[in-house]
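Containing mmCIF, C-alpha atoms: coords-v1.cif.
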data_input
loop_
_atom_site.group_PDB
_atom_site.id
_atom_site.type_symbol
_atom_site.label_atom_id
_atom_site.label_comp_id
_atom_site.auth_asym_id
_atom_site.auth_seq_id
_atom_site.Cartn_x
_atom_site.Cartn_y
_atom_site.Cartn_z
ATOM 1 C CA MET A 930 -16.502 -37.613 -55.296
ATOM 2 C CA SER A 931 -14.986 -34.245 -55.849
ATOM 3 C CA THR A 932 -11.391 -33.697 -54.948
ATOM 4 C CA ASP A 933 -11.454 -29.970 -55.329
ATOM 5 C CA VAL A 934 -8.670 -28.163 -53.576
ATOM 6 C CA LEU A 935 -8.322 -24.765 -52.062
ATOM 7 C CA ASP A 936 -5.010 -23.451 -53.314
ATOM 8 C CA GLU A 937 -3.228 -20.575 -51.634
ATOM 9 C CA GLU A 938 -4.168 -18.009 -54.252
ATOM 10 C CA LEU A 939 -7.873 -18.786 -54.010
ATOM 11 C CA ARG A 940 -7.756 -18.916 -50.205
ATOM 12 C CA ASP A 941 -6.084 -15.520 -50.135
ATOM 13 C CA CYS A 942 -8.696 -14.091 -52.492
ATOM 14 C CA PHE A 943 -11.558 -15.478 -50.352
ATOM 15 C CA GLN A 944 -9.939 -13.952 -47.309
ATOM 16 C CA GLU A 945 -9.735 -10.517 -48.890
ATOM 17 C CA LEU A 946 -13.294 -10.585 -50.263
ATOM 18 C CA SER A 947 -14.464 -11.658 -46.805
ATOM 19 C CA ASN A 948 -12.467 -8.853 -45.236
ATOM 20 C CA VAL A 949 -14.380 -6.284 -47.252
ATOM 21 C CA ALA A 950 -17.703 -7.991 -46.477
ATOM 22 C CA VAL A 951 -17.094 -8.199 -42.721
ATOM 23 C CA GLY A 952 -16.085 -4.557 -42.703
ATOM 24 C CA ARG A 953 -19.574 -3.574 -43.805
ATOM 25 C CA ALA A 954 -21.154 -5.862 -41.236
ATOM 26 C CA ALA A 955 -18.870 -4.510 -38.509
ATOM 27 C CA ASP A 956 -19.860 -0.971 -39.412
ATOM 28 C CA LEU A 957 -23.565 -1.786 -38.996
ATOM 29 C CA LEU A 958 -22.943 -3.590 -35.713
ATOM 30 C CA ALA A 959 -20.869 -0.701 -34.385
ATOM 31 C CA ARG A 960 -23.693 1.712 -35.205
ATOM 32 C CA LEU A 961 -26.317 -0.500 -33.587
ATOM 33 C CA LEU A 962 -24.367 -0.966 -30.363
ATOM 34 C CA ASN A 963 -22.501 2.317 -30.374
ATOM 35 C CA ASN A 964 -19.303 0.409 -29.657
ATOM 36 C CA PHE A 965 -16.141 -0.044 -31.726
ATOM 37 C CA VAL A 966 -15.929 -3.466 -33.328
ATOM 38 C CA ILE A 967 -12.531 -5.131 -33.557
ATOM 39 C CA MET A 968 -12.409 -6.386 -37.125
ATOM 40 C CA PRO A 969 -11.904 -10.116 -37.458
ATOM 41 C CA ILE A 970 -9.240 -11.570 -39.702
ATOM 42 C CA PRO A 971 -11.177 -14.077 -41.804
ATOM 43 C CA VAL A 972 -9.978 -17.673 -41.565
ATOM 44 C CA VAL A 973 -10.668 -19.645 -44.735
ATOM 45 C CA ASN A 974 -10.437 -23.440 -44.869
ATOM 46 C CA LEU A 975 -11.603 -26.502 -46.709
ATOM 47 C CA LEU A 976 -12.582 -28.925 -43.984
ATOM 48 C CA GLU A 977 -14.133 -32.268 -43.260
ATOM 49 C CA ARG A 978 -17.258 -31.840 -41.189
ATOM 50 C CA ALA A 979 -15.597 -33.698 -38.323
ATOM 51 C CA GLU A 980 -12.840 -31.085 -38.217
ATOM 52 C CA LEU A 981 -15.232 -28.201 -37.870
ATOM 53 C CA SER A 982 -15.388 -28.019 -34.098
ATOM 54 C CA MET A 983 -11.613 -27.896 -33.807
ATOM 55 C CA ALA A 984 -11.519 -25.079 -36.307
ATOM 56 C CA LEU A 985 -13.705 -22.821 -34.197
ATOM 57 C CA SER A 986 -10.784 -21.314 -32.387
ATOM 58 C CA ALA A 987 -12.403 -18.106 -31.242
ATOM 59 C CA ILE A 988 -15.071 -19.675 -29.098
ATOM 60 C CA ALA A 989 -13.463 -23.058 -28.527
ATOM 61 C CA ASP A 990 -13.000 -22.442 -24.815
ATOM 62 C CA ALA A 991 -16.586 -21.367 -24.266
ATOM 63 C CA SER A 992 -18.381 -23.982 -22.185
ATOM 64 C CA SER A 993 -21.801 -22.767 -23.175
ATOM 65 C CA VAL A 994 -22.905 -21.221 -26.465
ATOM 66 C CA SER A 995 -26.057 -20.216 -28.300
ATOM 67 C CA ALA A 996 -26.441 -20.101 -32.045
ATOM 68 C CA VAL A 997 -28.675 -19.377 -34.974
ATOM 69 C CA CYS A 998 -28.404 -20.792 -38.438
ATOM 70 C CA GLN A 999 -29.564 -19.445 -41.775
ATOM 71 C CA GLY A 1000 -29.319 -21.100 -45.164
ATOM 72 C CA PHE A 1001 -28.563 -19.225 -48.349
ATOM 73 C CA THR A 1002 -28.467 -20.056 -52.002
ATOM 74 C CA GLY A 1003 -27.985 -18.410 -55.377
ATOM 75 C CA SER A 1004 -26.183 -18.871 -58.694
ATOM 76 C CA LYS A 1005 -25.743 -22.589 -57.882
ATOM 77 C CA ILE A 1006 -23.876 -21.690 -54.724
ATOM 78 C CA ALA A 1007 -25.328 -23.055 -51.491
ATOM 79 C CA GLY A 1008 -24.377 -22.640 -47.910
ATOM 80 C CA GLU A 1009 -25.274 -21.902 -44.339
ATOM 81 C CA ALA A 1010 -24.369 -19.101 -42.014
ATOM 82 C CA LEU A 1011 -23.998 -19.867 -38.315
ATOM 83 C CA LEU A 1012 -23.764 -17.164 -35.708
ATOM 84 C CA ILE A 1013 -22.433 -18.572 -32.471
ATOM 85 C CA PHE A 1014 -22.331 -16.552 -29.271
ATOM 86 C CA ASN A 1015 -20.377 -17.325 -26.177
ATOM 87 C CA ASP A 1016 -23.151 -17.209 -23.548
ATOM 88 C CA ALA A 1017 -20.932 -14.998 -21.406
ATOM 89 C CA SER A 1018 -21.545 -12.263 -24.006
ATOM 90 C CA PHE A 1019 -25.205 -11.621 -23.259
ATOM 91 C CA GLN A 1020 -24.769 -9.463 -20.161
ATOM 92 C CA ASP A 1021 -22.715 -6.915 -22.117
ATOM 93 C CA MET A 1022 -24.900 -7.229 -25.195
ATOM 94 C CA ALA A 1023 -27.985 -6.365 -23.152
ATOM 95 C CA GLU A 1024 -26.218 -3.356 -21.636
ATOM 96 C CA LEU A 1025 -25.157 -2.091 -25.043
ATOM 97 C CA THR A 1026 -28.697 -2.277 -26.355
ATOM 98 C CA GLN A 1027 -29.901 -0.325 -23.303
ATOM 99 C CA PHE A 1028 -31.931 -3.273 -22.123
ATOM 100 C CA LYS A 1029 -32.845 -3.028 -18.466
ATOM 101 C CA GLY A 1030 -34.322 -5.927 -16.603
ATOM 102 C CA GLU A 1031 -33.768 -9.606 -16.201
ATOM 103 C CA ILE A 1032 -31.991 -11.277 -19.104
ATOM 104 C CA THR A 1033 -34.253 -14.212 -19.755
ATOM 105 C CA GLU A 1034 -33.738 -16.882 -22.370
ATOM 106 C CA GLN A 1035 -36.307 -15.034 -24.487
ATOM 107 C CA ILE A 1036 -34.312 -11.784 -24.303
ATOM 108 C CA GLU A 1037 -31.155 -13.669 -25.267
ATOM 109 C CA LEU A 1038 -32.957 -15.157 -28.216
ATOM 110 C CA GLU A 1039 -34.071 -11.716 -29.395
ATOM 111 C CA LEU A 1040 -30.536 -10.342 -29.107
ATOM 112 C CA LEU A 1041 -29.171 -13.328 -30.974
ATOM 113 C CA MET A 1042 -31.704 -12.943 -33.789
ATOM 114 C CA ASP A 1043 -31.176 -9.190 -34.079
ATOM 115 C CA ILE A 1044 -27.405 -9.494 -34.336
ATOM 116 C CA ALA A 1045 -27.703 -12.464 -36.698
ATOM 117 C CA ASN A 1046 -29.941 -10.505 -39.047
ATOM 118 C CA ILE A 1047 -27.442 -7.678 -39.244
ATOM 119 C CA LEU A 1048 -24.196 -9.635 -39.457
ATOM 120 C CA ILE A 1049 -25.321 -12.459 -41.721
ATOM 121 C CA GLY A 1050 -27.236 -10.209 -44.100
ATOM 122 C CA ALA A 1051 -24.469 -7.636 -44.478
ATOM 123 C CA CYS A 1052 -21.734 -10.225 -44.821
ATOM 124 C CA LEU A 1053 -23.502 -12.269 -47.462
ATOM 125 C CA LYS A 1054 -24.480 -9.174 -49.405
ATOM 126 C CA GLY A 1055 -20.949 -7.808 -49.265
ATOM 127 C CA LEU A 1056 -19.500 -11.084 -50.441
ATOM 128 C CA ALA A 1057 -22.103 -11.591 -53.175
ATOM 129 C CA GLU A 1058 -21.721 -8.101 -54.633
ATOM 130 C CA GLN A 1059 -18.003 -8.526 -55.115
ATOM 131 C CA ILE A 1060 -18.397 -11.701 -57.135
ATOM 132 C CA ASP A 1061 -21.515 -10.521 -58.921
ATOM 133 C CA VAL A 1062 -24.013 -13.048 -57.606
ATOM 134 C CA SER A 1063 -27.016 -12.655 -55.358
ATOM 135 C CA PHE A 1064 -28.014 -14.950 -52.537
ATOM 136 C CA SER A 1065 -31.484 -15.465 -51.241
ATOM 137 C CA GLN A 1066 -31.602 -16.230 -47.559
ATOM 138 C CA GLY A 1067 -33.879 -18.669 -45.789
ATOM 139 C CA GLN A 1068 -35.491 -18.027 -42.434
ATOM 140 C CA PRO A 1069 -33.022 -17.934 -39.564
ATOM 141 C CA TYR A 1070 -33.668 -20.546 -36.899
ATOM 142 C CA LEU A 1071 -32.358 -21.244 -33.454
ATOM 143 C CA LEU A 1072 -29.867 -24.090 -33.317
ATOM 144 C CA GLY A 1073 -29.712 -24.110 -29.569
ATOM 145 C CA GLN A 1074 -29.207 -22.130 -26.403
ATOM 146 C CA HIS A 1075 -26.769 -22.897 -23.605
ATOM 147 C CA ILE A 1076 -25.198 -25.945 -25.139
ATOM 148 C CA ASN A 1077 -21.607 -26.911 -25.921
ATOM 149 C CA ILE A 1078 -20.003 -26.575 -29.337
ATOM 150 C CA GLU A 1079 -19.991 -30.298 -30.148
ATOM 151 C CA GLU A 1080 -23.666 -30.603 -29.411
ATOM 152 C CA LEU A 1081 -24.354 -27.467 -31.398
ATOM 153 C CA LEU A 1082 -22.619 -28.740 -34.498
ATOM 154 C CA ASN A 1083 -24.396 -32.081 -34.202
ATOM 155 C CA ARG A 1084 -27.705 -30.257 -34.293
ATOM 156 C CA ASN A 1085 -26.805 -28.664 -37.573
ATOM 157 C CA GLY A 1086 -28.494 -31.272 -39.695
ATOM 158 C CA SER A 1087 -26.799 -30.772 -43.029
ATOM 159 C CA THR A 1088 -24.975 -33.795 -44.314
ATOM 160 C CA TRP A 1089 -22.249 -32.163 -46.353
ATOM 161 C CA GLN A 1090 -18.989 -33.971 -45.738
ATOM 162 C CA ARG A 1091 -16.475 -31.394 -46.898
ATOM 163 C CA LEU A 1092 -17.046 -27.703 -46.487
ATOM 164 C CA LEU A 1093 -15.517 -24.453 -47.471
ATOM 165 C CA THR A 1094 -15.515 -22.521 -44.203
ATOM 166 C CA ILE A 1095 -15.011 -18.836 -43.555
ATOM 167 C CA GLU A 1096 -14.710 -18.070 -39.879
ATOM 168 C CA LEU A 1097 -15.199 -14.484 -38.728
ATOM 169 C CA PRO A 1098 -14.537 -14.013 -35.028
ATOM 170 C CA TYR A 1099 -16.013 -10.651 -34.010
ATOM 171 C CA LYS A 1100 -15.081 -8.875 -30.814
ATOM 172 C CA LEU A 1101 -16.324 -5.657 -29.274
ATOM 173 C CA GLU A 1102 -13.690 -3.332 -27.911
ATOM 174 C CA GLY A 1103 -13.701 -3.098 -24.127
ATOM 175 C CA ARG A 1104 -16.459 -5.669 -23.812
ATOM 176 C CA GLU A 1105 -16.733 -9.351 -23.005
ATOM 177 C CA VAL A 1106 -18.563 -10.128 -26.208
ATOM 178 C CA ASN A 1107 -17.339 -13.013 -28.318
ATOM 179 C CA CYS A 1108 -19.185 -14.226 -31.327
ATOM 180 C CA ASP A 1109 -18.209 -16.240 -34.306
ATOM 181 C CA LEU A 1110 -19.865 -15.882 -37.666
ATOM 182 C CA LEU A 1111 -19.268 -18.982 -39.680
ATOM 183 C CA LEU A 1112 -20.040 -19.162 -43.384
ATOM 184 C CA LEU A 1113 -20.192 -22.724 -44.656
ATOM 185 C CA PHE A 1114 -20.314 -23.489 -48.351
ATOM 186 C CA THR A 1115 -20.966 -26.882 -49.899
ATOM 187 C CA GLU A 1116 -18.001 -28.459 -51.596
ATOM 188 C CA ASP A 1117 -19.834 -28.213 -54.925
ATOM 189 C CA SER A 1118 -20.020 -24.444 -54.492
ATOM 190 C CA LEU A 1119 -16.254 -24.167 -54.524
ATOM 191 C CA ALA A 1120 -15.883 -24.719 -58.264
ATOM 192 C CA ILE A 1121 -18.562 -22.118 -58.983
ATOM 193 C CA LEU A 1122 -17.000 -19.633 -56.598
ATOM 194 C CA ARG A 1123 -13.626 -20.228 -58.209
ATOM 195 C CA ASN A 1124 -15.187 -19.521 -61.571
ATOM 196 C CA LYS A 1125 -16.874 -16.332 -60.331
ATOM 197 C CA MET A 1126 -13.597 -15.154 -58.880
ATOM 198 C CA SER A 1127 -11.449 -16.020 -61.875
ATOM 199 C CA TYR A 1128 -11.544 -12.502 -63.268
ATOM 200 C CA LEU A 1129 -10.123 -11.291 -59.973
ATOM 201 C CA LEU A 1130 -7.380 -13.888 -59.888
ATOM 202 C CA GLU A 1131 -6.181 -14.025 -63.500
ATOM 203 C CA MET B 975 12.859 11.295 -58.538
ATOM 204 C CA THR B 976 11.847 7.717 -57.843
ATOM 205 C CA VAL B 977 9.508 7.507 -54.844
ATOM 206 C CA PRO B 978 10.008 4.595 -52.416
ATOM 207 C CA LEU B 979 6.446 3.271 -52.105
ATOM 208 C CA LEU B 980 5.411 0.610 -49.611
ATOM 209 C CA VAL B 981 2.227 -1.446 -50.011
ATOM 210 C CA VAL B 982 1.146 -3.124 -46.761
ATOM 211 C CA ASP B 983 -1.613 -5.753 -46.666
ATOM 212 C CA ASP B 984 -1.796 -9.294 -45.317
ATOM 213 C CA SER B 985 -3.450 -10.398 -48.557
ATOM 214 C CA SER B 986 -1.189 -10.720 -51.599
ATOM 215 C CA PHE B 987 -4.345 -10.433 -53.710
ATOM 216 C CA ALA B 988 -5.094 -7.062 -52.097
ATOM 217 C CA ARG B 989 -1.497 -5.860 -52.583
ATOM 218 C CA LYS B 990 -1.722 -6.807 -56.248
ATOM 219 C CA GLN B 991 -4.959 -4.807 -56.572
ATOM 220 C CA VAL B 992 -3.324 -1.755 -55.016
ATOM 221 C CA ILE B 993 -0.229 -1.979 -57.213
ATOM 222 C CA ARG B 994 -2.418 -2.327 -60.305
ATOM 223 C CA ALA B 995 -4.388 0.751 -59.278
ATOM 224 C CA LEU B 996 -1.306 3.007 -59.133
ATOM 225 C CA PRO B 997 -1.218 5.809 -61.694
ATOM 226 C CA LYS B 998 0.529 4.796 -64.912
ATOM 227 C CA GLY B 999 3.896 6.409 -65.368
ATOM 228 C CA TRP B 1000 4.331 7.290 -61.700
ATOM 229 C CA ASP B 1001 8.010 6.824 -60.924
ATOM 230 C CA VAL B 1002 7.952 4.538 -57.863
ATOM 231 C CA GLU B 1003 9.989 1.736 -56.405
ATOM 232 C CA VAL B 1004 7.400 -0.626 -54.920
ATOM 233 C CA SER B 1005 8.097 -2.699 -51.815
ATOM 234 C CA GLN B 1006 5.563 -4.957 -50.112
ATOM 235 C CA ALA B 1007 4.882 -6.035 -46.545
ATOM 236 C CA SER B 1008 2.295 -8.469 -45.219
ATOM 237 C CA ASN B 1009 2.131 -7.177 -41.659
ATOM 238 C CA GLY B 1010 2.957 -4.127 -39.570
ATOM 239 C CA GLU B 1011 6.305 -5.348 -38.281
ATOM 240 C CA GLN B 1012 7.659 -5.907 -41.772
ATOM 241 C CA ALA B 1013 6.271 -2.541 -42.782
ATOM 242 C CA LEU B 1014 8.120 -0.692 -40.014
ATOM 243 C CA GLU B 1015 11.409 -2.408 -40.901
ATOM 244 C CA LEU B 1016 11.029 -1.354 -44.515
ATOM 245 C CA ILE B 1017 10.089 2.204 -43.563
ATOM 246 C CA LYS B 1018 13.182 2.430 -41.355
ATOM 247 C CA ALA B 1019 15.247 1.126 -44.289
ATOM 248 C CA GLY B 1020 13.990 3.988 -46.439
ATOM 249 C CA LYS B 1021 11.607 1.865 -48.523
ATOM 250 C CA GLY B 1022 8.424 3.631 -47.523
ATOM 251 C CA ASP B 1023 8.388 7.387 -48.011
ATOM 252 C CA VAL B 1024 4.814 6.829 -49.147
ATOM 253 C CA VAL B 1025 2.892 3.987 -47.458
ATOM 254 C CA LEU B 1026 -0.418 2.473 -48.585
ATOM 255 C CA LEU B 1027 -1.540 0.753 -45.403
ATOM 256 C CA ASP B 1028 -4.191 -1.860 -44.599
ATOM 257 C CA LEU B 1029 -5.567 -1.927 -41.038
ATOM 258 C CA THR B 1030 -6.717 -5.468 -40.292
ATOM 259 C CA MET B 1031 -3.573 -7.611 -40.246
ATOM 260 C CA PRO B 1032 -2.034 -10.320 -38.077
ATOM 261 C CA VAL B 1033 1.145 -9.813 -36.003
ATOM 262 C CA MET B 1034 0.840 -6.016 -35.990
ATOM 263 C CA ASP B 1035 -2.138 -4.110 -37.371
ATOM 264 C CA GLY B 1036 -2.278 -0.800 -39.208
ATOM 265 C CA PHE B 1037 -3.289 1.221 -36.146
ATOM 266 C CA ALA B 1038 -0.123 0.067 -34.357
ATOM 267 C CA VAL B 1039 1.993 0.956 -37.408
ATOM 268 C CA LEU B 1040 0.622 4.502 -37.369
ATOM 269 C CA GLU B 1041 1.302 4.757 -33.624
ATOM 270 C CA GLU B 1042 4.914 3.710 -34.156
ATOM 271 C CA ILE B 1043 5.427 6.098 -37.062
ATOM 272 C CA LYS B 1044 4.071 8.913 -34.914
ATOM 273 C CA ALA B 1045 6.000 7.958 -31.764
ATOM 274 C CA ARG B 1046 9.320 7.619 -33.599
ATOM 275 C CA ASP B 1047 8.646 10.441 -35.999
ATOM 276 C CA LEU B 1048 9.458 8.219 -38.977
ATOM 277 C CA PRO B 1049 9.553 9.911 -42.392
ATOM 278 C CA ALA B 1050 6.515 8.236 -43.959
ATOM 279 C CA VAL B 1051 3.381 9.647 -45.522
ATOM 280 C CA VAL B 1052 0.564 7.165 -44.922
ATOM 281 C CA ILE B 1053 -2.656 6.589 -46.836
ATOM 282 C CA VAL B 1054 -4.890 3.960 -45.252
ATOM 283 C CA ILE B 1055 -6.755 1.551 -47.548
ATOM 284 C CA SER B 1056 -9.075 -0.578 -45.444
ATOM 285 C CA GLY B 1057 -12.215 -2.683 -45.320
ATOM 286 C CA ASP B 1058 -12.786 -1.434 -41.778
ATOM 287 C CA ILE B 1059 -15.264 1.271 -42.697
ATOM 288 C CA GLN B 1060 -16.425 2.169 -39.193
ATOM 289 C CA PRO B 1061 -16.374 5.980 -38.894
ATOM 290 C CA GLU B 1062 -14.467 5.456 -35.653
ATOM 291 C CA ALA B 1063 -11.709 3.579 -37.528
ATOM 292 C CA GLU B 1064 -11.286 6.505 -39.909
ATOM 293 C CA ALA B 1065 -11.298 9.020 -37.041
ATOM 294 C CA ARG B 1066 -8.618 7.023 -35.237
ATOM 295 C CA VAL B 1067 -6.249 6.726 -38.188
ATOM 296 C CA MET B 1068 -6.613 10.423 -39.020
ATOM 297 C CA LYS B 1069 -5.828 11.273 -35.402
ATOM 298 C CA LEU B 1070 -2.767 9.028 -35.628
ATOM 299 C CA GLY B 1071 -1.487 11.065 -38.530
ATOM 300 C CA ALA B 1072 -2.722 9.302 -41.654
ATOM 301 C CA LEU B 1073 -3.063 11.594 -44.632
ATOM 302 C CA ALA B 1074 -6.223 10.006 -45.997
ATOM 303 C CA PHE B 1075 -8.560 7.058 -45.603
ATOM 304 C CA ILE B 1076 -9.751 5.068 -48.612
ATOM 305 C CA LYS B 1077 -12.390 2.350 -48.331
ATOM 306 C CA LYS B 1078 -12.052 -1.085 -49.875
ATOM 307 C CA PRO B 1079 -12.839 -2.330 -52.462
ATOM 308 C CA LEU B 1080 -10.269 0.070 -53.831
ATOM 309 C CA ASP B 1081 -11.373 2.515 -56.498
ATOM 310 C CA SER B 1082 -8.284 3.453 -58.512
ATOM 311 C CA GLU B 1083 -9.660 6.879 -59.430
ATOM 312 C CA GLN B 1084 -10.117 7.724 -55.787
ATOM 313 C CA LEU B 1085 -6.535 6.668 -55.102
ATOM 314 C CA HIS B 1086 -5.266 8.847 -57.971
ATOM 315 C CA GLN B 1087 -7.322 11.765 -56.665
ATOM 316 C CA VAL B 1088 -5.906 11.450 -53.152
ATOM 317 C CA LEU B 1089 -2.336 11.157 -54.448
ATOM 318 C CA SER B 1090 -2.850 14.187 -56.629
ATOM 319 C CA ASP B 1091 -4.686 16.252 -53.967
ATOM 320 C CA PHE B 1092 -1.795 15.889 -51.559
ATOM 321 C CA GLY B 1093 0.831 16.635 -54.164
ATOM 322 C CA ILE B 1094 2.365 13.183 -53.834
ATOM 323 C CA LEU B 1095 2.480 12.524 -57.564
ATOM 324 C CA SER B 1096 4.533 15.615 -58.274
ATOM 325 C CA VAL B 1097 7.218 14.916 -55.649
#

Output the file's structure as structure tokens, nothing else.
Amino acid sequence: MSTDVLDEELRDCFQELSNVAVGRAADLLARLLNNFVIMPIPVVNLLERAELSMALSAIADASSVSAVCQGFTGSKIAGEALLIFNDASFQDMAELTQFKGEITEQIELELLMDIANILIGACLKGLAEQIDVSFSQGQPYLLGQHINIEELLNRNGSTWQRLLTIELPYKLEGREVNCDLLLLFTEDSLAILRNKMSYLLE
Amino acid sequence: MTVPLLVVDDSSFARKQVIRALPKGWDVEVSQASNGEQALELIKAGKGDVVLLDLTMPVMDGFAVLEEIKARDLPAVVIVISGDIQPEAEARVMKLGALAFIKKPLDSEQLHQVLSDFGILSV
């Protein structure tokens, strides 16, 4: 069993690399929706799986959420990206995308997938470029619609016990849109990431 | 004359990167702050004639720092260095009186160019 730790220096470095990556994703989202995005401050942790739900501060009070999940891998680093929307966000999201009509579950799913493609792709690419790796992404799939956070996390089938987590709580200015992009890395990835980042830390 | 220079970023890693990117031989006294509140205190104490300012920070962000500097007419020249690359973010900081906007990851040559363009190096 690995007892790898996340020391303050490495955590700080992850946070800054994530900051640059989320900035690119925020820029794309702002262009798509024509709405200013309030940049999230990345929250980096090394957690037990059981602690994950408590760590999701940004959407913790949402009674009903929807989420997609997408795996990624490259340079012996493996992880999953989860995009979790507070269901209360969809009304405003539909308005911002000029959608007129009834917001059905199908429409919500399309919005969720569209935003996931933009945010997850840009974030992973931004992160990867800075540490000189490249990730290939699997197909995104729906984890669930209109369920609570506990149930959502239970549906995420991966069995990793400890995870490096980067939480990116996005908000749209003047809108009731709350979404949380969560990057989860396997514990084994941590040593490789540390290695890739060593030239930055020195 | 030694220039009081203030580097503001919530990440110590990012502050280190900025300090490393400063032109060699530039006569500065570097102070650091990890949020906007600390930054304003240091500016008021005369530690930040030139400020290299991040935007996304806890406690008080860079936009709020620029607002305060403008409202109180504090003697600070501000260059924003940020990962928030939305065109709207740049427009806002320029409107709030920032001298220039530099995108992260920081390119030291771009920083040198900006400092030189605005005559800050020769002060």

Exercise. Between A:Ala991, A:Thr1088, A:Met1022, A:Gln1059, which has the minimum distance to chain B (counting all atoms listed in the file)?
Worked result: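 Among the listed residues, A:Gln1059 lies closest to chain B.
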
Problem set entry | Expected residue set, 9 Å radius at (-25.6, -22.4, -57.7), all atoms listed in the file, as number ranges by chain | A: 1002-1007, 1117-1118, 1121

Exercise. Hey, what's within 9 Å of segment 1006-1012 of chain B if we count all atoms listed in the file and toss same-chain stuff fewer than 6 positions away? As a ChimeraX atom specification, please?
Worked result: /B:979-986,989,1027-1029,1031-1039

Exercise. Could you write out as a PyMOL selection string the residues that the PyMOL selection byres ((chain B) within 9 of (chain A)) matches in the shown file?
Worked result: chain B and resi 984-988+991+1030-1032+1056-1063+1077-1079

For this session: Have a look at A:Leu976, A:Leu1041, A:Val994, A:Leu1025 and name the one nearest to Ile1076 of chain A; count only C-alpha atoms.
Result: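 Among the listed residues, A:Val994 lies closest to Ile1076 of chain A.
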
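Computed from the coordinates, the atom CA of Glu1064 of chain B to atom CA of Leu1040 of chain B distance equals 12.3 Å.
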
Exercise. By how many Å are atom CA of Lys1021 of chain B and atom CA of Thr976 of chain B apart?
Worked result: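 The value is 11.0 Å.
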
Exercise. Leaving out Leu1112 of chain A and any residue of its chain fewer than 6 positions from it, which residues lie within 12 Å of it when counting only C-alpha atoms, given as number ranges by chain?
Worked result: A: 943, 947, 950-951, 971-975, 981, 985, 998-1001, 1007-1013, 1048-1050, 1052-1053, 1056, 1092-1098

Problem set entry | Atomic separation - atom CA of Leu1122 of chain A relative to atom CA of Ile1076 of chain B, Å |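 So the two atoms, atom CA of Ile1076 of chain B and atom CA of Leu1122 of chain A, lie 27.0 Å apart.
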
Problem set entry | Contact residues around Gly1071 of chain B with only C-alpha atoms at 12 Å, ignoring same-chain residues under 5 positions, as a count of residues only | 21

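Using only C-alpha atoms, the shortest contact distance between Met983 of chain A and any of A:Thr1033, A:Leu1071, A:Met1126, A:Ile1078 is found at A:Ile1078.
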
Exercise. Taking all atoms listed in the file into account, which of A:Gln1066, A:Asn1077, A:Arg1091, A:Ala1023 comes nearest Asn1046 of chain A?
Worked result: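 Ranking A:Gln1066, A:Asn1077, A:Arg1091, A:Ala1023 by distance to Asn1046 of chain A, first place goes to A:Gln1066.
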
For this session: Let me know the residues the PyMOL selection byres ((chain B and resi 1082-1093) around 9) catches in the file above, as a count of residues only.
Result: 15

For this session: Would you list the residues near (8.3, 9.2, -62.3), meaning any protein, DNA or RNA residue with an atom at most 8 Å from that point in file coordinates, counting only C-alpha atoms, as a PyMOL selection string?
Result: chain B and resi 975-977+999-1002

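Using all atoms listed in the file, the shortest contact distance between Lys990 of chain B and any of B:Leu1016, B:Val1067, B:Val1004, B:Val1025 is found at B:Val1004.
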